[in-house]
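In what follows, a structure is listed as structure tokens, so that the remarks can point back to it.
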Amino acid sequence: MIGGRNGKIVSRRKVMLAENVPRDKIEKLLLVAAKNGIAEIVEKILEYYPLSILYTDFKGKNAVFLAVEHRQTQVYEKLISRKLLDERAFRNPDHKGNSALHLATTLSDYQPYPFAALQMQWEIKWYLYVKNMVPQLLLSDCNNPNNNGMTPKDVFKESHKHLVEKGGQWLNSTANSCSLVATLVTTVAFATTASVPGGIIENSGRPIWDLLSLEFHL
């Protein structure tokens, strides 16, 4: 063990790691871990290399952007919970001018729900969650238009058009199915209440229970 800055004890292994690992490998490992939701690796790399949060891929996306884009909730929570999170991780857009909110409002391949209406609800919750976790001072910057002149809300409307249509069709189909079931239940209930217990005699039309009660009385 050796003494670190500010009187902290730093392990020799940690110092050797910081000196011997090439930056490009650290950068690649961090971005791959953030994209695939490996929160433990992301947390450990940032512990050793805090500034690696600013590393970006060829599209200009850092670990925060990749976690948001690929719906990696645990990684995003780990990044946001860091006390010394560099604000540039939110302030600097990617090469297309997208902020973290633009990526949060873009429909991704991750769709945990089989029904469009439920998936739409999840997409809205994810956008609101990311938005509420963005530092308030940077919120206006994240809402700026991207290179295509689209704000996060514009991106959400455009990328979710098909999902909205599918959700409407699913709701209509579900409503029709429920109406059919309700009609069948009502019909059966009415038939049950309107029919004479025990049935009737075909020739006379008198209830069977009436004759039985007469015989019992005699």
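Identifiers in this document derive from the order of the structure tokens: chains are assigned A, B, ..., residues are numbered from 1 separately in each chain, and ligands are numbered from 1 in order of occurrence.
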Exercise for review: Would you please give, as a PyMOL selection string, all residues of stretch 11-161 of chain A that DSSP assigns to helix (DSSP H, G or I) based on the backbone?
Suggested key: chain A and resi 12-20+23-36+39-48+50-54+63-69+73-81+88-91+100-104+116-133+136-142+152-159+161
Exercise for review: To one decimal in Å, tell me the separation between atom CA of A:Trp126 and atom CA of A:Ile45.
Suggested key: 25.6 Å
Check your understanding: If you count only C-alpha atoms, which residues fall within 10 Å of A:Glu40, apart from same-chain ones fewer than 5 positions away, as a list in words?
Key ->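 Near neighbours after the sequence-gap exclusion: Ala33, Ala34, Ile45, Gln74, Val75 and Lys78 of chain A.
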Output for the residues just chosen: C-alpha atoms as a JSON list (two decimals), in the first residue's frame:
[["chain", "number", "residue", "atom", "x", "y", "z"],
["A", 33, "ALA", "CA", -20.17, -2.22, -20.70],
["A", 34, "ALA", "CA", -22.51, 0.78, -20.68],
["A", 45, "ILE", "CA", -13.72, 1.88, -14.45],
["A", 74, "GLN", "CA", -29.01, 0.04, -13.80],
["A", 75, "VAL", "CA", -26.07, 1.62, -15.61],
["A", 78, "LYS", "CA", -25.09, 4.19, -11.33]]
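The protein and nucleic acid residues lying at most 9 Å from A:Asp86 are Pro50, Leu51, Ile53, Leu54 and Phe90 of chain A, with only C-alpha atoms considered and sequence neighbours fewer than 4 positions away removed.
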Next, the residues of the selection above should be written as an mmCIF file, in the first residue's frame with N, CA, C and O atoms.
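File written: part-v4.cif
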data_model
loop_
_atom_site.group_PDB
_atom_site.id
_atom_site.type_symbol
_atom_site.label_atom_id
_atom_site.label_comp_id
_atom_site.auth_asym_id
_atom_site.auth_seq_id
_atom_site.Cartn_x
_atom_site.Cartn_y
_atom_site.Cartn_z
ATOM 1 N N PRO A 50 -12.155 8.592 -13.447
ATOM 2 C CA PRO A 50 -13.388 9.405 -13.431
ATOM 3 C C PRO A 50 -13.656 10.148 -14.740
ATOM 4 O O PRO A 50 -14.808 10.286 -15.150
ATOM 5 N N LEU A 51 -12.585 10.613 -15.404
ATOM 6 C CA LEU A 51 -12.767 11.373 -16.643
ATOM 7 C C LEU A 51 -13.163 10.492 -17.827
ATOM 8 O O LEU A 51 -13.480 11.014 -18.901
ATOM 9 N N ILE A 53 -15.765 9.115 -18.212
ATOM 10 C CA ILE A 53 -17.177 9.363 -18.484
ATOM 11 C C ILE A 53 -17.344 10.219 -19.734
ATOM 12 O O ILE A 53 -18.403 10.223 -20.369
ATOM 13 N N LEU A 54 -16.271 10.933 -20.119
ATOM 14 C CA LEU A 54 -16.317 11.800 -21.297
ATOM 15 C C LEU A 54 -15.875 11.078 -22.565
ATOM 16 O O LEU A 54 -15.951 11.666 -23.647
ATOM 17 N N PHE A 90 -23.597 15.363 -20.016
ATOM 18 C CA PHE A 90 -24.945 15.719 -20.476
ATOM 19 C C PHE A 90 -24.910 16.898 -21.447
ATOM 20 O O PHE A 90 -25.737 16.990 -22.347
#
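Computed from the coordinates, the atom CA of A:Lys61 to atom CA of A:Trp122 distance equals 23.3 Å.
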Revision key, fill the gap. Using only C-alpha atoms, the residue out of A:Ala39, A:Leu29, A:Leu107, A:Ala89 with shortest distance to A:Val64 is A:Ala89
Point to revise | Within 12 Å of A:Asn148 using only C-alpha atoms, minus same-chain residues under 3 positions, as a ChimeraX atom specification | key: /A:95-98,102,144-145,151-152,154-155
Dump as a PDB file, in the first residue's frame, selection limited to all heavy atoms:
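Result written to selection-v8.pdb:
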ATOM      1  N   HIS A  95     -22.673  13.417 -32.439  1.00  0.00           N
ATOM      2  CA  HIS A  95     -22.338  14.011 -33.735  1.00  0.00           C
ATOM      3  C   HIS A  95     -23.564  14.457 -34.529  1.00  0.00           C
ATOM      4  O   HIS A  95     -23.437  15.225 -35.498  1.00  0.00           O
ATOM      5  CB  HIS A  95     -21.531  13.008 -34.567  1.00  0.00           C
ATOM      6  CG  HIS A  95     -20.172  12.724 -34.002  1.00  0.00           C
ATOM      7  ND1 HIS A  95     -19.540  13.585 -33.127  1.00  0.00           N
ATOM      8  CD2 HIS A  95     -19.317  11.667 -34.192  1.00  0.00           C
ATOM      9  CE1 HIS A  95     -18.357  13.093 -32.799  1.00  0.00           C
ATOM     10  NE2 HIS A  95     -18.197  11.929 -33.417  1.00  0.00           N
ATOM     11  N   LYS A  96     -24.754  14.001 -34.149  1.00  0.00           N
ATOM     12  CA  LYS A  96     -25.985  14.415 -34.809  1.00  0.00           C
ATOM     13  C   LYS A  96     -26.716  15.497 -34.029  1.00  0.00           C
ATOM     14  O   LYS A  96     -27.857  15.851 -34.373  1.00  0.00           O
ATOM     15  CB  LYS A  96     -26.908  13.210 -35.018  1.00  0.00           C
ATOM     16  CG  LYS A  96     -26.363  12.188 -36.003  1.00  0.00           C
ATOM     17  CD  LYS A  96     -27.372  11.060 -36.232  1.00  0.00           C
ATOM     18  CE  LYS A  96     -26.847  10.062 -37.247  1.00  0.00           C
ATOM     19  NZ  LYS A  96     -27.831   8.970 -37.494  1.00  0.00           N
ATOM     20  N   GLY A  97     -26.067  16.001 -32.983  1.00  0.00           N
ATOM     21  CA  GLY A  97     -26.679  17.050 -32.190  1.00  0.00           C
ATOM     22  C   GLY A  97     -27.694  16.549 -31.183  1.00  0.00           C
ATOM     23  O   GLY A  97     -28.438  17.350 -30.604  1.00  0.00           O
ATOM     24  N   ASN A  98     -27.712  15.249 -30.959  1.00  0.00           N
ATOM     25  CA  ASN A  98     -28.675  14.670 -30.019  1.00  0.00           C
ATOM     26  C   ASN A  98     -28.161  14.748 -28.584  1.00  0.00           C
ATOM     27  O   ASN A  98     -26.991  14.489 -28.318  1.00  0.00           O
ATOM     28  CB  ASN A  98     -28.949  13.204 -30.366  1.00  0.00           C
ATOM     29  CG  ASN A  98     -29.684  13.053 -31.681  1.00  0.00           C
ATOM     30  OD1 ASN A  98     -30.614  13.795 -31.968  1.00  0.00           O
ATOM     31  ND2 ASN A  98     -29.275  12.086 -32.478  1.00  0.00           N
ATOM     32  N   HIS A 102     -32.935  13.312 -26.419  1.00  0.00           N
ATOM     33  CA  HIS A 102     -33.242  12.868 -27.777  1.00  0.00           C
ATOM     34  C   HIS A 102     -33.166  11.350 -27.876  1.00  0.00           C
ATOM     35  O   HIS A 102     -34.017  10.707 -28.495  1.00  0.00           O
ATOM     36  CB  HIS A 102     -32.273  13.494 -28.784  1.00  0.00           C
ATOM     37  CG  HIS A 102     -32.528  14.944 -29.069  1.00  0.00           C
ATOM     38  ND1 HIS A 102     -31.911  15.942 -28.340  1.00  0.00           N
ATOM     39  CD2 HIS A 102     -33.317  15.564 -29.982  1.00  0.00           C
ATOM     40  CE1 HIS A 102     -32.312  17.120 -28.811  1.00  0.00           C
ATOM     41  NE2 HIS A 102     -33.170  16.919 -29.805  1.00  0.00           N
ATOM     42  N   ASN A 144     -32.631  21.429 -26.533  1.00  0.00           N
ATOM     43  CA  ASN A 144     -32.347  22.157 -27.771  1.00  0.00           C
ATOM     44  C   ASN A 144     -32.542  21.252 -28.985  1.00  0.00           C
ATOM     45  O   ASN A 144     -32.377  20.030 -28.898  1.00  0.00           O
ATOM     46  CB  ASN A 144     -30.905  22.683 -27.753  1.00  0.00           C
ATOM     47  CG  ASN A 144     -30.722  23.831 -26.776  1.00  0.00           C
ATOM     48  OD1 ASN A 144     -31.671  24.551 -26.473  1.00  0.00           O
ATOM     49  ND2 ASN A 144     -29.505  24.003 -26.283  1.00  0.00           N
ATOM     50  N   PRO A 145     -32.893  21.823 -30.142  1.00  0.00           N
ATOM     51  CA  PRO A 145     -33.058  21.012 -31.355  1.00  0.00           C
ATOM     52  C   PRO A 145     -31.742  20.355 -31.772  1.00  0.00           C
ATOM     53  O   PRO A 145     -30.657  20.907 -31.551  1.00  0.00           O
ATOM     54  CB  PRO A 145     -33.537  22.027 -32.400  1.00  0.00           C
ATOM     55  CG  PRO A 145     -34.084  23.173 -31.605  1.00  0.00           C
ATOM     56  CD  PRO A 145     -33.259  23.236 -30.362  1.00  0.00           C
ATOM     57  N   THR A 151     -36.643  18.778 -31.570  1.00  0.00           N
ATOM     58  CA  THR A 151     -36.491  18.712 -30.116  1.00  0.00           C
ATOM     59  C   THR A 151     -36.785  17.282 -29.664  1.00  0.00           C
ATOM     60  O   THR A 151     -37.280  16.464 -30.451  1.00  0.00           O
ATOM     61  CB  THR A 151     -37.479  19.673 -29.431  1.00  0.00           C
ATOM     62  OG1 THR A 151     -38.825  19.239 -29.711  1.00  0.00           O
ATOM     63  CG2 THR A 151     -37.285  21.090 -29.938  1.00  0.00           C
ATOM     64  N   PRO A 152     -36.489  16.950 -28.408  1.00  0.00           N
ATOM     65  CA  PRO A 152     -36.814  15.602 -27.914  1.00  0.00           C
ATOM     66  C   PRO A 152     -38.287  15.227 -28.085  1.00  0.00           C
ATOM     67  O   PRO A 152     -38.602  14.088 -28.432  1.00  0.00           O
ATOM     68  CB  PRO A 152     -36.410  15.672 -26.440  1.00  0.00           C
ATOM     69  CG  PRO A 152     -35.287  16.642 -26.405  1.00  0.00           C
ATOM     70  CD  PRO A 152     -35.661  17.682 -27.434  1.00  0.00           C
ATOM     71  N   ASP A 154     -40.292  16.329 -30.411  1.00  0.00           N
ATOM     72  CA  ASP A 154     -40.508  16.072 -31.835  1.00  0.00           C
ATOM     73  C   ASP A 154     -40.033  14.664 -32.205  1.00  0.00           C
ATOM     74  O   ASP A 154     -40.697  13.958 -32.975  1.00  0.00           O
ATOM     75  CB  ASP A 154     -39.757  17.100 -32.684  1.00  0.00           C
ATOM     76  CG  ASP A 154     -40.275  18.516 -32.493  1.00  0.00           C
ATOM     77  OD1 ASP A 154     -41.469  18.657 -32.156  1.00  0.00           O
ATOM     78  OD2 ASP A 154     -39.481  19.470 -32.655  1.00  0.00           O
ATOM     79  N   VAL A 155     -38.901  14.280 -31.656  1.00  0.00           N
ATOM     80  CA  VAL A 155     -38.363  12.938 -31.927  1.00  0.00           C
ATOM     81  C   VAL A 155     -39.301  11.870 -31.390  1.00  0.00           C
ATOM     82  O   VAL A 155     -39.539  10.844 -32.037  1.00  0.00           O
ATOM     83  CB  VAL A 155     -36.959  12.788 -31.308  1.00  0.00           C
ATOM     84  CG1 VAL A 155     -36.460  11.358 -31.437  1.00  0.00           C
ATOM     85  CG2 VAL A 155     -35.980  13.743 -31.971  1.00  0.00           C
TER      86      VAL A 155
END
Point to revise | Distance in Å - atom CA of A:Ser108 versus atom CA of A:Lys125 | key: 14.0 Å
Exercise for review: Can you pull out every residue within 10 Å of A:Leu46, counting only C-alpha atoms, but drop anything in the same chain fewer than 3 positions away, and send it as a PyMOL selection string?
Suggested key: chain A and resi 26+30+41-43+49-53+79+82+85
Give me the residues of stretch 36-115 of chain A that have any atom at most 12 Å from an atom of stretch 162-166 of chain A; for each, the nearest atom pair and the distance in Å, rounded to one decimal. Use only C-alpha atoms, sort by chain and number, and format it as CSV.
residue,atom,partner,partner_atom,distance
A:Thr106,CA,A:Leu163,CA,11.8
A:Leu107,CA,A:Leu163,CA,9.0
A:Ser108,CA,A:Leu163,CA,11.4
A:Gln111,CA,A:Leu163,CA,10.9
A:Tyr113,CA,A:Leu163,CA,12.0
A:Pro114,CA,A:Lys166,CA,11.2
A:Phe115,CA,A:Lys166,CA,8.5
Go ahead and write the selection's residues with N, CA, C and O atoms as a PDB file, in the first residue's frame.
ATOM      1  N   THR A 106     -36.195   8.320 -28.565  1.00  0.00           N
ATOM      2  CA  THR A 106     -36.099   7.524 -29.790  1.00  0.00           C
ATOM      3  C   THR A 106     -36.485   6.084 -29.495  1.00  0.00           C
ATOM      4  O   THR A 106     -35.951   5.469 -28.571  1.00  0.00           O
ATOM      5  N   LEU A 107     -37.403   5.549 -30.252  1.00  0.00           N
ATOM      6  CA  LEU A 107     -37.857   4.175 -30.044  1.00  0.00           C
ATOM      7  C   LEU A 107     -36.706   3.211 -30.299  1.00  0.00           C
ATOM      8  O   LEU A 107     -36.085   3.230 -31.357  1.00  0.00           O
ATOM      9  N   SER A 108     -36.425   2.353 -29.329  1.00  0.00           N
ATOM     10  CA  SER A 108     -35.310   1.416 -29.440  1.00  0.00           C
ATOM     11  C   SER A 108     -35.815   0.012 -29.737  1.00  0.00           C
ATOM     12  O   SER A 108     -37.021  -0.248 -29.797  1.00  0.00           O
ATOM     13  N   GLN A 111     -37.988  -3.856 -26.311  1.00  0.00           N
ATOM     14  CA  GLN A 111     -39.435  -3.774 -26.116  1.00  0.00           C
ATOM     15  C   GLN A 111     -39.878  -4.929 -25.213  1.00  0.00           C
ATOM     16  O   GLN A 111     -40.183  -6.032 -25.699  1.00  0.00           O
ATOM     17  N   TYR A 113     -42.553  -5.429 -23.526  1.00  0.00           N
ATOM     18  CA  TYR A 113     -43.977  -5.757 -23.464  1.00  0.00           C
ATOM     19  C   TYR A 113     -44.483  -6.193 -24.833  1.00  0.00           C
ATOM     20  O   TYR A 113     -44.157  -5.571 -25.846  1.00  0.00           O
ATOM     21  N   PRO A 114     -45.290  -7.266 -24.889  1.00  0.00           N
ATOM     22  CA  PRO A 114     -45.781  -7.764 -26.176  1.00  0.00           C
ATOM     23  C   PRO A 114     -46.893  -6.907 -26.768  1.00  0.00           C
ATOM     24  O   PRO A 114     -47.173  -7.011 -27.954  1.00  0.00           O
ATOM     25  N   PHE A 115     -47.531  -6.074 -25.955  1.00  0.00           N
ATOM     26  CA  PHE A 115     -48.639  -5.258 -26.429  1.00  0.00           C
ATOM     27  C   PHE A 115     -48.179  -3.817 -26.612  1.00  0.00           C
ATOM     28  O   PHE A 115     -47.488  -3.251 -25.764  1.00  0.00           O
TER      29      PHE A 115
END
Review point. Residues at most 12 Å from A:Pro93, counting only C-alpha atoms, excluding those fewer than 6 positions away in the same chain, as an NGL selection string?
Key: :A and (54 or 56 or 59-62 or 64-65 or 87 or 99-103 or 138 or 141-147)
Just-selected residues, N, CA and C atoms written as a compact mmCIF listing (two decimals), in the first residue's frame:
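Done, and the output landed in selection17.txt:
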# COMPACT_ATOMS: atom_id res chain seq x y z
N LEU A 54 -16.27 10.93 -20.12
CA LEU A 54 -16.32 11.80 -21.30
C LEU A 54 -15.87 11.08 -22.57
N THR A 56 -16.03 8.95 -25.82
CA THR A 56 -17.15 8.76 -26.76
C THR A 56 -16.77 7.76 -27.84
N LYS A 59 -19.65 7.80 -32.91
CA LYS A 59 -20.84 8.61 -33.13
C LYS A 59 -20.95 9.77 -32.13
N GLY A 60 -19.94 9.88 -31.25
CA GLY A 60 -19.95 10.96 -30.28
C GLY A 60 -20.78 10.67 -29.04
N LYS A 61 -21.08 9.41 -28.78
CA LYS A 61 -21.92 9.03 -27.63
C LYS A 61 -21.04 8.51 -26.50
N ASN A 62 -21.24 9.10 -25.31
CA ASN A 62 -20.51 8.65 -24.14
C ASN A 62 -21.30 7.57 -23.41
N VAL A 64 -23.12 7.70 -20.71
CA VAL A 64 -24.46 8.13 -20.33
C VAL A 64 -25.41 8.01 -21.52
N PHE A 65 -24.98 8.48 -22.67
CA PHE A 65 -25.82 8.43 -23.86
C PHE A 65 -26.14 6.99 -24.26
N GLU A 87 -20.61 17.37 -15.67
CA GLU A 87 -21.80 17.88 -16.37
C GLU A 87 -21.64 17.83 -17.88
N SER A 99 -29.08 15.08 -27.68
CA SER A 99 -28.77 15.04 -26.25
C SER A 99 -29.26 13.71 -25.68
N ALA A 100 -29.10 13.54 -24.39
CA ALA A 100 -29.59 12.32 -23.74
C ALA A 100 -31.10 12.21 -23.87
N LEU A 101 -31.80 13.35 -23.87
CA LEU A 101 -33.26 13.33 -24.00
C LEU A 101 -33.69 12.92 -25.41
N HIS A 102 -32.93 13.31 -26.42
CA HIS A 102 -33.24 12.87 -27.78
C HIS A 102 -33.17 11.35 -27.88
N LEU A 103 -32.15 10.78 -27.25
CA LEU A 103 -31.98 9.33 -27.30
C LEU A 103 -33.03 8.62 -26.46
N LEU A 138 -28.96 21.89 -16.72
CA LEU A 138 -28.65 21.45 -18.08
C LEU A 138 -29.90 21.06 -18.86
N ASP A 141 -30.49 22.93 -22.13
CA ASP A 141 -29.55 22.54 -23.19
C ASP A 141 -29.96 21.20 -23.81
N CYS A 142 -30.44 20.28 -22.98
CA CYS A 142 -30.84 18.96 -23.48
C CYS A 142 -32.09 19.03 -24.35
N ASN A 143 -32.86 20.10 -24.20
CA ASN A 143 -34.09 20.25 -24.98
C ASN A 143 -33.87 21.04 -26.27
N ASN A 144 -32.63 21.43 -26.53
CA ASN A 144 -32.35 22.16 -27.77
C ASN A 144 -32.54 21.25 -28.99
N PRO A 145 -32.89 21.82 -30.14
CA PRO A 145 -33.06 21.01 -31.36
C PRO A 145 -31.74 20.36 -31.77
N ASN A 146 -31.83 19.19 -32.40
CA ASN A 146 -30.64 18.52 -32.91
C ASN A 146 -30.31 19.05 -34.31
N ASN A 147 -29.43 18.36 -35.01
CA ASN A 147 -29.02 18.83 -36.34
C ASN A 147 -30.15 18.83 -37.35
Practice item. Would you please work out which residue, of A:Lys153, A:Phe58, A:Ser81, A:Gly37, is nearest to A:Leu128 when using only C-alpha atoms? Key: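 Nearest to A:Leu128: A:Lys153.
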Point to revise | Among listed residues A:Met120, A:Asp24, A:Asp57, A:Gln72, nearest A:Ile38 (using only C-alpha atoms) | key: A:Gln72
